[in-house]
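As provided, model-v4.csv (CSV, C-alpha atoms and all ligand atoms) reads as follows.
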```csv
chain,number,residue,atom,x,y,z
A,2,MET,CA,-36.4,7.8,3.3
A,3,THR,CA,-33.9,7.1,6.0
A,4,THR,CA,-33.9,3.4,7.0
A,5,THR,CA,-31.0,1.6,8.4
A,6,SER,CA,-29.5,-1.4,6.8
A,7,PRO,CA,-30.5,-4.8,8.3
A,8,LEU,CA,-26.9,-6.0,7.7
A,9,PRO,CA,-24.8,-6.3,10.9
A,10,LEU,CA,-21.6,-4.3,11.1
A,11,LEU,CA,-18.7,-6.7,11.1
A,12,VAL,CA,-15.7,-5.2,12.7
A,13,LEU,CA,-12.5,-6.7,11.6
A,14,GLY,CA,-11.5,-9.6,13.9
A,15,GLN,CA,-14.8,-9.6,15.8
A,16,GLY,CA,-17.6,-11.9,15.0
A,17,ARG,CA,-17.9,-14.1,12.0
A,18,ASP,CA,-19.3,-13.3,8.6
A,19,LEU,CA,-20.8,-16.7,7.7
A,20,HIS,CA,-21.2,-15.7,4.1
A,21,SER,CA,-17.6,-14.9,3.3
A,22,GLU,CA,-16.1,-17.4,5.8
A,23,ARG,CA,-17.9,-20.4,4.4
A,24,GLY,CA,-15.7,-22.9,2.8
A,25,VAL,CA,-16.3,-24.1,-0.7
A,26,GLU,CA,-17.9,-27.5,-1.1
A,27,CYS,CA,-15.4,-29.9,-2.5
A,28,PRO,CA,-16.9,-33.2,-1.5
A,29,GLY,CA,-14.0,-35.6,-1.1
A,30,GLU,CA,-12.1,-34.3,-4.1
A,31,LEU,CA,-10.0,-31.5,-2.9
A,32,PRO,CA,-6.4,-32.8,-2.8
A,33,PRO,CA,-4.7,-32.5,0.5
A,34,ALA,CA,-2.2,-29.7,0.8
A,35,SER,CA,0.4,-32.3,1.8
A,36,ASP,CA,0.1,-34.1,-1.5
A,37,PRO,CA,3.7,-34.1,-2.9
A,38,ASP,CA,2.3,-34.4,-6.5
A,39,LEU,CA,0.3,-31.2,-6.5
A,40,VAL,CA,2.7,-29.3,-8.8
A,41,ALA,CA,2.9,-32.3,-11.2
A,42,ARG,CA,-0.9,-32.6,-11.1
A,43,ALA,CA,-1.4,-28.9,-11.9
A,44,ARG,CA,1.1,-29.1,-14.8
A,45,ALA,CA,-0.5,-32.2,-16.2
A,46,ALA,CA,-4.1,-30.8,-16.0
A,47,LYS,CA,-3.0,-27.6,-17.6
A,48,ALA,CA,-1.2,-29.4,-20.4
A,49,ALA,CA,-4.2,-31.6,-21.0
A,50,LEU,CA,-6.5,-28.6,-21.2
A,51,GLY,CA,-4.2,-26.6,-23.5
A,52,ASP,CA,-5.7,-23.5,-25.0
A,53,GLU,CA,-9.1,-24.3,-23.7
A,54,VAL,CA,-8.1,-22.8,-20.3
A,55,PHE,CA,-6.5,-19.5,-19.4
A,56,VAL,CA,-5.3,-18.9,-15.9
A,57,LEU,CA,-5.3,-15.4,-14.5
A,58,GLY,CA,-3.3,-14.6,-11.3
A,59,HIS,CA,-3.7,-11.4,-9.3
A,60,HIS,CA,-0.5,-9.9,-7.9
A,61,TYR,CA,-1.6,-10.7,-4.4
A,62,GLN,CA,-1.9,-14.4,-5.0
A,63,ARG,CA,0.5,-17.0,-3.4
A,64,ASP,CA,3.7,-17.9,-5.3
A,65,GLU,CA,2.4,-21.5,-5.7
A,66,VAL,CA,-0.6,-20.2,-7.6
A,67,ILE,CA,1.2,-17.5,-9.6
A,68,GLU,CA,3.5,-20.2,-11.0
A,69,PHE,CA,0.6,-21.5,-13.0
A,70,ALA,CA,-0.8,-18.2,-14.1
A,71,ASP,CA,-0.7,-17.5,-17.8
A,72,THR,CA,-0.7,-13.8,-17.0
A,73,THR,CA,-0.5,-11.7,-13.8
A,74,GLY,CA,-1.9,-8.3,-13.1
A,75,ASP,CA,-4.2,-6.1,-11.1
A,76,SER,CA,-8.0,-6.6,-11.3
A,77,PHE,CA,-8.7,-4.5,-14.3
A,78,LYS,CA,-5.7,-5.7,-16.3
A,79,LEU,CA,-6.8,-9.3,-15.7
A,80,ALA,CA,-10.4,-8.6,-16.7
A,81,LYS,CA,-9.1,-7.2,-19.9
A,82,GLU,CA,-6.8,-10.1,-20.4
A,83,ALA,CA,-9.8,-12.4,-20.0
A,84,ALA,CA,-11.7,-10.5,-22.6
A,85,ALA,CA,-8.8,-10.7,-25.0
A,86,ARG,CA,-8.8,-14.5,-24.9
A,87,PRO,CA,-12.1,-15.3,-26.7
A,88,ASP,CA,-10.8,-18.8,-27.7
A,89,ALA,CA,-10.3,-19.9,-24.1
A,90,ALA,CA,-13.6,-21.7,-23.1
A,91,TYR,CA,-12.6,-21.5,-19.5
A,92,ILE,CA,-11.0,-18.6,-17.6
A,93,VAL,CA,-9.7,-19.8,-14.2
A,94,PHE,CA,-9.5,-16.6,-12.1
A,95,CYS,CA,-7.0,-16.8,-9.2
A,96,GLY,CA,-8.2,-13.7,-7.4
A,97,VAL,CA,-11.3,-12.8,-5.5
A,98,HIS,CA,-15.0,-12.9,-6.3
A,99,PHE,CA,-15.6,-9.3,-7.7
A,100,MET,CA,-12.7,-9.8,-10.1
A,101,ALA,CA,-14.2,-13.0,-11.5
A,102,GLU,CA,-17.5,-11.2,-11.8
A,103,SER,CA,-15.9,-8.4,-13.9
A,104,ALA,CA,-14.2,-11.0,-16.1
A,105,ASP,CA,-17.6,-12.7,-16.6
A,106,ILE,CA,-19.1,-9.3,-17.6
A,107,LEU,CA,-16.3,-8.6,-20.1
A,108,THR,CA,-16.1,-12.1,-21.7
A,109,SER,CA,-18.5,-13.7,-24.1
A,110,ASP,CA,-21.5,-15.9,-23.2
A,111,GLU,CA,-19.6,-18.9,-24.6
A,112,GLN,CA,-16.8,-18.5,-22.0
A,113,THR,CA,-17.0,-19.6,-18.4
A,114,VAL,CA,-15.2,-17.9,-15.6
A,115,ILE,CA,-14.2,-20.1,-12.7
A,116,LEU,CA,-13.2,-19.0,-9.2
A,117,PRO,CA,-11.3,-22.0,-7.6
A,118,ASP,CA,-12.6,-21.2,-4.1
A,119,LEU,CA,-16.0,-19.4,-3.8
A,120,ALA,CA,-15.0,-18.2,-0.3
A,121,ALA,CA,-12.4,-15.9,-1.9
A,122,GLY,CA,-14.3,-12.7,-1.4
A,123,CYS,CA,-13.1,-9.2,-0.6
A,124,SER,CA,-13.9,-7.5,2.7
A,125,MET,CA,-14.0,-4.1,1.0
A,126,ALA,CA,-16.4,-5.2,-1.7
A,127,ASP,CA,-18.6,-6.8,1.0
A,128,MET,CA,-18.8,-3.4,2.8
A,129,ALA,CA,-21.3,-2.1,0.1
A,130,ALA,CA,-24.3,-4.3,-0.3
A,131,ILE,CA,-26.7,-3.3,-3.0
A,132,GLY,CA,-29.6,-2.8,-0.6
A,133,GLN,CA,-27.5,-0.4,1.4
A,134,VAL,CA,-26.5,1.6,-1.6
A,135,GLU,CA,-30.1,1.9,-2.9
A,136,GLU,CA,-31.0,3.2,0.6
A,137,ALA,CA,-28.2,5.7,0.5
A,138,TRP,CA,-29.4,6.9,-2.9
A,139,ALA,CA,-32.9,7.4,-1.5
A,140,VAL,CA,-31.4,9.5,1.3
A,141,LEU,CA,-29.7,11.7,-1.3
A,142,GLU,CA,-33.0,12.0,-3.2
A,143,ASP,CA,-34.8,12.9,0.0
A,144,VAL,CA,-32.3,15.6,0.8
A,145,GLY,CA,-32.5,16.9,-2.8
A,146,VAL,CA,-28.9,16.3,-3.9
A,147,ALA,CA,-29.3,13.2,-6.0
A,148,ASP,CA,-29.6,15.2,-9.3
A,149,ASP,CA,-26.3,16.9,-8.6
A,150,THR,CA,-24.5,13.6,-7.7
A,151,LEU,CA,-22.8,11.0,-9.9
A,152,PRO,CA,-21.7,7.6,-8.6
A,153,VAL,CA,-18.0,6.7,-9.1
A,154,THR,CA,-17.3,3.1,-8.1
A,155,TYR,CA,-14.0,1.4,-7.6
A,156,MET,CA,-13.4,-1.9,-9.5
A,157,ASN,CA,-13.3,-3.5,-6.0
A,158,SER,CA,-17.0,-3.9,-5.8
A,159,SER,CA,-19.7,-6.4,-6.5
A,160,ALA,CA,-21.3,-6.6,-9.9
A,161,ALA,CA,-24.6,-5.3,-8.3
A,162,ILE,CA,-22.8,-2.1,-7.2
A,163,LYS,CA,-21.3,-1.7,-10.7
A,164,GLY,CA,-24.8,-2.2,-12.1
A,165,PHE,CA,-26.2,0.5,-9.8
A,166,THR,CA,-23.4,2.8,-11.1
A,167,GLY,CA,-24.3,2.2,-14.7
A,168,ARG,CA,-28.0,2.7,-14.0
A,169,HIS,CA,-27.2,6.1,-12.6
A,170,ASP,CA,-24.9,7.1,-15.5
A,171,GLY,CA,-21.7,6.9,-13.4
A,172,THR,CA,-18.4,5.3,-14.0
A,173,ILE,CA,-16.1,2.6,-12.7
A,174,CYS,CA,-12.6,3.6,-11.8
A,175,THR,CA,-9.4,1.8,-10.8
A,176,SER,CA,-6.6,2.9,-8.6
A,177,SER,CA,-4.8,3.9,-11.8
A,178,ASN,CA,-7.4,6.1,-13.3
A,179,ALA,CA,-9.3,7.4,-10.3
A,180,LYS,CA,-8.2,11.0,-10.9
A,181,THR,CA,-9.5,11.1,-14.4
A,182,ALA,CA,-12.7,9.4,-13.4
A,183,LEU,CA,-13.3,11.8,-10.5
A,184,ARG,CA,-12.6,14.9,-12.6
A,185,TRP,CA,-14.9,13.7,-15.3
A,186,ALA,CA,-17.7,12.9,-12.8
A,187,LEU,CA,-17.5,16.3,-11.1
A,188,GLU,CA,-17.7,17.9,-14.5
A,189,GLN,CA,-21.0,16.1,-15.3
A,190,ARG,CA,-23.0,17.4,-12.5
A,191,GLY,CA,-23.9,20.8,-10.9
A,192,ASP,CA,-22.2,23.7,-12.5
A,193,GLY,CA,-19.5,21.4,-14.0
A,194,ALA,CA,-16.6,22.9,-12.1
A,195,VAL,CA,-14.1,20.4,-10.7
A,196,LEU,CA,-13.0,22.6,-7.8
A,197,GLY,CA,-15.3,25.0,-6.0
A,198,GLY,CA,-18.3,23.8,-8.0
A,199,THR,CA,-21.6,22.3,-7.0
A,200,GLY,CA,-21.5,18.8,-8.5
A,201,LYS,CA,-21.0,15.8,-6.2
A,202,VAL,CA,-19.7,12.3,-6.3
A,203,LEU,CA,-20.9,9.3,-4.4
A,204,PHE,CA,-17.7,7.3,-4.2
A,205,LEU,CA,-18.1,3.6,-3.6
A,206,PRO,CA,-16.9,1.5,-1.7
A,207,ASP,CA,-13.4,2.7,-0.6
A,208,GLN,CA,-13.4,5.9,1.3
A,209,HIS,CA,-9.6,6.1,1.2
A,210,LEU,CA,-9.2,6.0,-2.5
A,211,GLY,CA,-12.0,8.6,-2.9
A,212,ARG,CA,-10.5,10.9,-0.3
A,213,ASN,CA,-6.9,10.5,-1.5
A,214,THR,CA,-7.8,11.1,-5.1
A,215,TYR,CA,-10.0,14.2,-4.4
A,216,VAL,CA,-7.5,15.8,-2.0
A,217,ARG,CA,-4.1,14.7,-3.1
A,218,ASP,CA,-4.6,14.4,-6.9
A,219,LEU,CA,-7.3,17.0,-7.6
A,220,GLY,CA,-6.4,19.5,-4.9
A,221,GLY,CA,-9.8,19.5,-3.3
A,222,SER,CA,-10.4,20.1,0.4
A,223,LEU,CA,-10.8,17.5,3.2
A,224,ASP,CA,-13.6,19.7,4.5
A,225,GLU,CA,-15.6,18.9,1.3
A,226,CYS,CA,-15.5,15.1,2.1
A,227,VAL,CA,-18.1,13.4,4.2
A,228,VAL,CA,-18.3,9.7,5.1
A,229,PHE,CA,-21.7,8.0,4.5
A,230,ASP,CA,-22.1,5.3,7.1
A,231,PRO,CA,-24.7,2.8,5.9
A,232,HIS,CA,-25.3,1.5,9.4
A,233,ARG,CA,-26.6,4.8,10.7
A,234,PRO,CA,-29.8,6.6,9.8
A,235,GLY,CA,-29.2,9.1,7.0
A,236,GLY,CA,-25.7,7.8,6.7
A,237,GLY,CA,-24.9,9.5,10.0
A,238,LEU,CA,-25.0,12.9,8.2
A,239,THR,CA,-27.3,15.9,8.4
A,240,PRO,CA,-29.0,17.1,5.3
A,241,GLN,CA,-26.9,20.2,5.4
A,242,GLN,CA,-23.7,18.2,5.5
A,243,LEU,CA,-24.8,16.3,2.4
A,244,ARG,CA,-25.7,19.6,0.7
A,245,ASP,CA,-22.3,21.1,1.5
A,246,ALA,CA,-20.2,18.0,0.6
A,247,ARG,CA,-18.6,17.5,-2.8
A,248,MET,CA,-17.3,14.0,-2.1
A,249,ILE,CA,-19.8,11.6,-0.4
A,250,LEU,CA,-17.5,8.7,0.6
A,251,TRP,CA,-18.9,5.3,1.4
A,252,ARG,CA,-17.7,4.0,4.7
A,253,GLY,CA,-15.7,1.1,3.2
A,254,HIS,CA,-12.0,0.3,3.3
A,255,CYS,CA,-9.5,-2.4,2.5
A,256,SER,CA,-8.8,-4.5,5.6
A,257,VAL,CA,-5.2,-5.0,4.4
A,258,HIS,CA,-4.2,-1.5,3.3
A,259,GLY,CA,-6.2,0.2,6.0
A,260,ARG,CA,-3.7,-1.1,8.6
A,261,PHE,CA,-0.6,0.7,7.3
A,262,SER,CA,0.1,3.4,9.9
A,263,VAL,CA,1.8,6.8,10.2
A,264,GLU,CA,4.0,5.2,12.9
A,265,ALA,CA,5.3,2.6,10.5
A,266,VAL,CA,6.2,5.3,7.9
A,267,GLU,CA,8.0,7.3,10.6
A,268,ALA,CA,9.9,4.2,11.9
A,269,ALA,CA,11.0,3.3,8.3
A,270,ARG,CA,12.3,6.8,7.8
A,271,ARG,CA,14.2,6.6,11.1
A,272,GLU,CA,15.7,3.2,10.6
A,273,ILE,CA,16.5,3.1,6.9
A,274,PRO,CA,18.7,5.8,5.4
A,275,ASP,CA,17.4,7.5,2.2
A,276,VAL,CA,14.4,5.2,2.2
A,277,LYS,CA,11.6,5.8,-0.3
A,278,VAL,CA,8.1,5.0,0.9
A,279,ILE,CA,5.6,3.8,-1.7
A,280,VAL,CA,2.1,3.0,-0.9
A,281,HIS,CA,-1.2,2.0,-2.5
A,282,PRO,CA,-4.0,4.7,-2.5
A,283,GLU,CA,-6.2,2.4,-0.5
A,284,CYS,CA,-4.1,3.4,2.5
A,285,ARG,CA,-5.4,6.0,4.9
A,286,HIS,CA,-5.0,9.6,4.0
A,287,GLU,CA,-2.4,10.4,6.7
A,288,VAL,CA,-0.2,7.5,5.4
A,289,VAL,CA,-0.6,8.6,1.8
A,290,GLU,CA,0.3,12.2,2.7
A,291,LEU,CA,3.6,11.0,4.2
A,292,ALA,CA,4.6,8.7,1.3
A,293,ASP,CA,7.1,9.6,-1.4
A,294,GLU,CA,5.1,7.7,-4.1
A,295,VAL,CA,1.5,6.5,-4.3
A,296,GLY,CA,0.1,4.2,-6.9
A,297,SER,CA,-1.6,1.0,-8.0
A,298,THR,CA,0.1,-2.3,-7.8
A,299,GLU,CA,1.1,-2.0,-11.4
A,300,LYS,CA,2.7,1.4,-10.7
A,301,ILE,CA,4.5,0.1,-7.6
A,302,ILE,CA,6.0,-2.7,-9.6
A,303,LYS,CA,7.1,-0.4,-12.5
A,304,THR,CA,8.5,2.2,-10.1
A,305,ILE,CA,10.7,-0.3,-8.3
A,306,ALA,CA,11.7,-2.0,-11.5
A,307,ALA,CA,12.9,1.4,-12.9
A,308,ALA,CA,14.7,2.5,-9.8
A,309,PRO,CA,18.5,2.5,-9.7
A,310,ASP,CA,20.3,-0.4,-8.0
A,311,GLY,CA,20.8,0.1,-4.3
A,312,THR,CA,17.7,2.1,-3.7
A,313,SER,CA,15.8,1.4,-0.5
A,314,TRP,CA,12.0,1.0,-0.5
A,315,VAL,CA,9.4,0.3,2.0
A,316,VAL,CA,6.2,-0.8,0.4
A,317,GLY,CA,2.7,-0.4,1.6
A,318,THR,CA,0.7,-3.1,-0.2
A,319,GLU,CA,-0.2,-6.7,0.2
A,320,LEU,CA,2.6,-8.9,1.5
A,321,ASN,CA,2.7,-11.6,-1.2
A,322,LEU,CA,3.5,-8.9,-3.8
A,323,VAL,CA,6.1,-7.2,-1.6
A,324,ARG,CA,7.9,-10.5,-1.0
A,325,ARG,CA,7.9,-11.3,-4.7
A,326,LEU,CA,9.3,-7.8,-5.5
A,327,ALA,CA,12.1,-8.4,-3.0
A,328,GLN,CA,13.0,-11.7,-4.7
A,329,GLN,CA,12.7,-10.2,-8.2
A,330,PHE,CA,14.8,-7.1,-7.6
A,331,PRO,CA,17.6,-8.3,-5.3
A,332,ASN,CA,19.6,-5.2,-6.1
A,333,GLN,CA,17.0,-3.0,-4.4
A,334,ARG,CA,16.5,-3.1,-0.6
A,335,ILE,CA,12.8,-3.8,-0.3
A,336,ALA,CA,10.9,-4.0,3.0
A,337,PHE,CA,7.3,-4.3,4.0
A,338,LEU,CA,5.9,-1.2,5.5
A,339,GLU,CA,4.0,-2.6,8.5
A,340,LYS,CA,5.5,-5.2,10.8
A,341,ASN,CA,2.2,-6.7,11.9
A,342,VAL,CA,0.2,-6.8,8.7
A,343,CYS,CA,-0.6,-10.2,7.2
A,344,TYR,CA,-1.6,-11.3,3.8
A,345,CYS,CA,-5.0,-10.6,2.2
A,346,SER,CA,-6.7,-13.6,3.8
A,347,THR,CA,-9.4,-13.9,1.1
A,348,MET,CA,-6.9,-13.8,-1.7
A,349,ASN,CA,-5.0,-16.5,0.0
A,350,ARG,CA,-7.9,-18.9,0.0
A,351,ILE,CA,-6.9,-19.7,-3.5
A,352,ASP,CA,-4.2,-22.3,-3.0
A,353,LEU,CA,-2.7,-25.1,-5.0
A,354,PRO,CA,-5.2,-27.7,-3.9
A,355,HIS,CA,-8.1,-25.5,-5.0
A,356,LEU,CA,-6.4,-24.8,-8.3
A,357,VAL,CA,-5.7,-28.4,-9.0
A,358,TRP,CA,-9.3,-29.3,-8.1
A,359,ALA,CA,-10.7,-26.7,-10.5
A,360,LEU,CA,-8.3,-27.8,-13.4
A,361,GLU,CA,-8.7,-31.5,-12.9
A,362,SER,CA,-12.4,-31.2,-12.7
A,363,LEU,CA,-12.3,-29.5,-16.2
A,364,VAL,CA,-10.2,-32.3,-17.5
A,365,ASP,CA,-12.9,-34.7,-16.3
A,366,GLY,CA,-15.6,-32.5,-18.0
A,367,ARG,CA,-17.0,-30.9,-14.9
A,368,VAL,CA,-17.1,-27.1,-14.4
A,369,VAL,CA,-16.8,-26.3,-10.7
A,370,ASN,CA,-17.5,-22.8,-9.2
A,371,PRO,CA,-18.6,-21.0,-12.3
A,372,ILE,CA,-19.3,-17.3,-11.8
A,373,HIS,CA,-22.4,-16.0,-13.6
A,374,VAL,CA,-23.6,-12.4,-13.3
A,375,ASP,CA,-27.3,-11.8,-13.8
A,376,PRO,CA,-27.7,-10.5,-17.4
A,377,GLU,CA,-29.5,-7.3,-16.5
A,378,VAL,CA,-27.0,-6.4,-13.8
A,379,ALA,CA,-24.2,-7.3,-16.2
A,380,GLY,CA,-25.7,-5.0,-18.8
A,381,TYR,CA,-25.7,-2.0,-16.5
A,382,ALA,CA,-22.3,-2.9,-15.1
A,383,ARG,CA,-20.9,-3.1,-18.6
A,384,LYS,CA,-22.3,0.3,-19.3
A,385,ALA,CA,-20.3,1.7,-16.3
A,386,LEU,CA,-17.2,-0.2,-17.3
A,387,ASP,CA,-17.5,1.1,-20.9
A,388,GLN,CA,-17.9,4.6,-19.5
A,389,MET,CA,-14.6,4.2,-17.7
A,390,LEU,CA,-12.9,3.1,-21.0
A,391,ALA,CA,-14.4,6.2,-22.7
A,392,LEU,CA,-13.0,8.6,-20.1
A,393,PRO,CA,-11.0,11.5,-21.6
A,394,GLY,CA,-7.6,10.3,-22.8
A,395,GLU,CA,-8.1,7.1,-20.9
A,396,THR,CA,-6.5,3.8,-21.6
A,397,HIS,CA,-5.6,1.8,-18.5
A,398,LYS,CA,-2.6,3.8,-17.4
A,399,ASP,CA,-0.5,2.6,-14.6
B,1,LIG,S1,-6.3,-6.6,-0.6
B,1,LIG,FE1,-8.1,-5.5,0.2
B,1,LIG,S2,-9.2,-4.7,-1.6
B,1,LIG,FE2,-7.8,-6.3,-2.3
B,1,LIG,S3,-9.0,-8.2,-2.2
B,1,LIG,FE3,-7.9,-8.1,-0.2
B,1,LIG,S4,-9.4,-7.0,1.1
B,1,LIG,FE4,-10.1,-6.7,-1.0
```

Would it be possible to restate this file's structure as structure tokens?
Amino acid sequence: MTTTSPLPLLVLGQGRDLHSERGVECPGELPPASDPDLVARARAAKAALGDEVFVLGHHYQRDEVIEFADTTGDSFKLAKEAAARPDAAYIVFCGVHFMAESADILTSDEQTVILPDLAAGCSMADMAAIGQVEEAWAVLEDVGVADDTLPVTYMNSSAAIKGFTGRHDGTICTSSNAKTALRWALEQRGDGAVLGGTGKVLFLPDQHLGRNTYVRDLGGSLDECVVFDPHRPGGGLTPQQLRDARMILWRGHCSVHGRFSVEAVEAARREIPDVKVIVHPECRHEVVELADEVGSTEKIIKTIAAAPDGTSWVVGTELNLVRRLAQQFPNQRIAFLEKNVCYCSTMNRIDLPHLVWALESLVDGRVVNPIHVDPEVAGYARKALDQMLALPGETHKD
């Protein structure tokens, strides 16, 4: 079966995605951003709610929001933090939609996860719709390679894609444990050999993390990686290409990390003496190859925190985090890798007015923007998340 997806391809900056661009309905209640009492209102609402509410803040959130976070972290750390707070009836997730879904999957039925602005999506997660992924799997079945293939799905994906992964016995991974996850997956299929074997991985939805992990971390060959384009018949690949590949990479990427360039790395090395380049593995392969260090947001933070005073860094990850690092570690020289990259626009949809609105609504006894994952989908997604936690030697390493 080789049908093309009915979803239009949305090229960054061209056209409008009405689903992810829609604003949340806050009829007449959203405080104006100019309200000078916003900070006081947020404090008062949080104090009134006490232990009933737990606020999670992703590293890429604005400072004005992070100020009210009970804990900060990357997506997986935050989902685990939510699960570790069974007494909090409400988890206010200051992050993006797929993170709130993961928190809902990992928390009890008695807890409610709230996303202050429903328009806070993730362009990468949106690049893999469940219908497209089901079609891709059907292509693999038609070509006769599905039995040799295991899905490995990045945390940055919808609950439906995580559910697909669990249904097909695959695993979720994070940017911290992608190497372990990939090694495990390759051992589960074909002849079980990690390198030079016959097992395959369908890596969703970030092609860069999949490619970087297979080539840089596991020592695989770029020639064994193919990119499955859901907008082209058969993924734009011949049956032979699919048979020869070991890594079938979904054609998805992060619209923030995908912009860091080789030119920016070269310019940094020219302009800043003894600079160290540290980038996130969602960056393009050429950029990752040139970097001194590659790692998750947690690893980036820890590496810079542990570096000797006076060290110079250029950092290839989201700008809110880099700015905060520069403030927190004034004894390091910290610069942003790309001159023209902006913030993650969807992360930035969560602002103080939305947070105040969500908290004050709870004080008034109203739950706004609850995130509920369908129980069947949640069950399979949980299976894939549990598989990740059961990976050999795996705790959530940074
Ligand atoms: S930084 Fe990239 S992967 Fe993260 S939420 Fe934004 S678009 Fe998604």

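Between CA of Cys123 in chain A and atom FE3 of ligand LIG 1 (chain B) the separation is 5.3 Å.
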
Could you produce a table of the residues of chain A lying within 6 Å of ligand LIG 1 (chain B), with the nearest pair of atoms per residue and their separation in Å rounded to one decimal, using all atoms listed in the file, ordered by chain and increasing residue number, as CSV?
```
residue,atom,partner,partner_atom,distance
A:Cys123,CA,B:LIG1,FE4,3.9
A:Ser124,CA,B:LIG1,S4,4.8
A:Met125,CA,B:LIG1,FE4,5.1
A:Cys255,CA,B:LIG1,FE1,4.1
A:Ser256,CA,B:LIG1,S4,5.2
A:Val257,CA,B:LIG1,FE1,5.1
A:Cys345,CA,B:LIG1,FE3,4.5
A:Met348,CA,B:LIG1,FE3,6.0
```

Could those selected residues go to a file with C-alpha atoms, as an mmCIF file, in the coordinates of the input?
```cif
data_model
loop_
_atom_site.group_PDB
_atom_site.id
_atom_site.type_symbol
_atom_site.label_atom_id
_atom_site.label_comp_id
_atom_site.auth_asym_id
_atom_site.auth_seq_id
_atom_site.Cartn_x
_atom_site.Cartn_y
_atom_site.Cartn_z
ATOM 1 C CA CYS A 123 -13.100 -9.200 -0.600
ATOM 2 C CA SER A 124 -13.900 -7.500 2.700
ATOM 3 C CA MET A 125 -14.000 -4.100 1.000
ATOM 4 C CA CYS A 255 -9.500 -2.400 2.500
ATOM 5 C CA SER A 256 -8.800 -4.500 5.600
ATOM 6 C CA VAL A 257 -5.200 -5.000 4.400
ATOM 7 C CA CYS A 345 -5.000 -10.600 2.200
ATOM 8 C CA MET A 348 -6.900 -13.800 -1.700
#
```

Task: Shortest interatomic distance to Trp185 in chain A - which of A:Gly132, A:Pro240, A:Gly221, A:Gly200, counting only C-alpha atoms - done: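 Nearest to Trp185 in chain A: A:Gly200.
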
Hey, which bits of range 306-359 of chain A sit within 12 Å of range 85-105 of chain A, and for each residue what's the closest pair of atoms and how far apart in Å (one decimal), counting only C-alpha atoms, rows by chain and increasing number, as a Markdown table?
```
| residue | atom | partner | partner_atom | distance |
| --- | --- | --- | --- | --- |
| A:Cys345 | CA | A:Val97 | CA | 10.2 |
| A:Ser346 | CA | A:Val97 | CA | 10.4 |
| A:Thr347 | CA | A:Val97 | CA | 7.0 |
| A:Met348 | CA | A:Gly96 | CA | 5.8 |
| A:Asn349 | CA | A:Gly96 | CA | 8.5 |
| A:Arg350 | CA | A:Val97 | CA | 8.9 |
| A:Ile351 | CA | A:Cys95 | CA | 6.4 |
| A:Asp352 | CA | A:Cys95 | CA | 8.7 |
| A:Leu353 | CA | A:Cys95 | CA | 10.2 |
| A:His355 | CA | A:Cys95 | CA | 9.7 |
| A:Leu356 | CA | A:Cys95 | CA | 8.1 |
| A:Val357 | CA | A:Val93 | CA | 10.8 |
| A:Trp358 | CA | A:Val93 | CA | 11.3 |
| A:Ala359 | CA | A:Val93 | CA | 7.9 |
```

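Take the candidates A:Asp127, A:Glu290, A:Asp275, A:Asp149 and check each one against Met248 in chain A using only C-alpha atoms; the shortest distance goes to A:Asp149.
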
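Counting all atoms listed in the file, range 137-141 of chain A has the following residues at most 8 Å away, ignoring those fewer than 2 positions along the same chain: Met2, Thr3, Gln133, Val134, Glu135, Asp143, Val144, Gly145, Val146, Ala147, Phe229, Pro231, Gly235, Gly236 and Leu243 of chain A.
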
Open item on the list: So that I can see what lies close to Ala307 in chain A, please list as a ChimeraX atom specification the residues with an atom at most 12 Å from it, counting only C-alpha atoms and leaving out residues fewer than 6 positions away in the same chain.
Closed with: /A:300-301,330,332-333

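Counting all atoms listed in the file, the residue from A:Ile372, A:Leu205, A:Leu326, A:Val289 that sits nearest to Lys303 in chain A is A:Leu326.
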
Task: Shortest interatomic distance to Ala179 in chain A - which of A:Met389, A:Ala268, A:Leu238, A:Val114, counting all atoms listed in the file - done: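 Answer, going by the shortest atom-to-atom distance: A:Met389.
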
- [ ] With a distance cut-off of 10 Å and all atoms listed in the file, select the neighbouring residues of Leu187 in chain A, excluding the residue or stretch itself and same-chain residues fewer than 3 positions from it, and output the selection as a PyMOL selection string.
- [x] chain A and resi 149-153+182-184+190-196+198-202+247-248

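With distances taken over all atoms listed in the file, A:Ala34 is the one residue among A:Ala246, A:Leu392, A:Ala336, A:Ala34 lying closest to Glu65 in chain A.
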
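Proximity ranking of A:Pro37, A:Ile106, A:Leu322, A:Asp375 relative to Gly58 in chain A places A:Leu322 first, based on all atoms listed in the file.
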
Task: Å distance separating CA of Pro282 in chain A from CA of Thr214 in chain A, one decimal place - done: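 Separating CA of Pro282 in chain A from CA of Thr214 in chain A is a distance of 7.9 Å.
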